[in-house]
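Here is the structure we will look at, set down as structure tokens.
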Amino acid sequence: MGEFWPVEDVLTYLGGGWRVERTVRDLASGAEGRFTGTTVFGPLDGAGLLHRESGTFVWQGVARPAERTLRFLPGDAPGTALVRFSDGRPFHGLDLTSGRWVADHPCAADLYRGEFTVRDEDHWRSLWRVRGPAKDLVLTTGYTRLA
């Protein structure tokens with residue numbers, strides 16, 4: 001099947017709960033942080049999924065609770081999604097029909113470039129490279145489906 005696992009419908013694939021492990025590396029300073037927690041993709045009123053992530057983020061030895069919410073809406077093409085922030089602002093598109101997707105998100109003076117890869121029915125990964133005048137980060141997140 002190759003290096004990537006094709007997903008016929010991203011919203012169906014993502015539905016449910018996932019264990020999350022993320023590393024955050026600041027390439028400029030060498031600092032590294034770690035997030036561990038869970039993400040639940042639950043039904044969203046109307047259509048799509050509500051993504052709720054919660055856990056603990058450790059940065060420079062200090063542990064803090066962390067959470068975020070995103071909306072995954074049906075995309076323009078069958079099996080794809082449009083990802084939006086919790087307030088409705090656009091974030092990026094998502095098409096995993098080949099098992100891999102690259103998305104850009106300009107944010108003020110910064111550019112976020114995300115690569116999404118699916119390994120199998122229970123494992124996928126995102127890698128965000130963030131570059132800007134004051135940012136030089138790599139965020140790598142592994143997702144494992146909860147039983």
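In the structure tokens, chains take letters A, B, ... by order of appearance, with residues numbered from 1 within each chain and ligands from 1 in the order shown.
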Checklist entry - Near range 132-137 of chain A, counting only C-alpha atoms, which residues have an atom at most 8 Å away, once you skip same-chain residues fewer than 2 positions from it, shown as a PyMOL selection string? => result chain A and resi 24-28+109-111+128-130+139
Item to check | Nearby residues (only C-alpha atoms) at most 12 Å from range 51-67 of chain A, same-chain spacing under 6 positions excluded, as number ranges by chain | outcome: A: 11, 14-26, 29-44, 73, 83-86, 143
Checklist entry - Residues at most 7 Å from Asp95 in chain A, counting only C-alpha atoms, excluding those fewer than 2 positions away in the same chain, as a list in words? => result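 Listing them by chain and then by number gives Val10, Thr80, Ala81, Gly93, Thr97 and Trp101 of chain A.
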Checklist entry - Among chain A, which residues carry a DSSP assignment of strand (DSSP E), reported as a ChimeraX atom specification? => result /A:16-26,32-43,49-59,62-74,81-85,90-94,100-107,110-120,123-132,135-145
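CA of Tyr13 in chain A to CA of Arg100 in chain A spans 13.6 Å [interatomic distance, one decimal].
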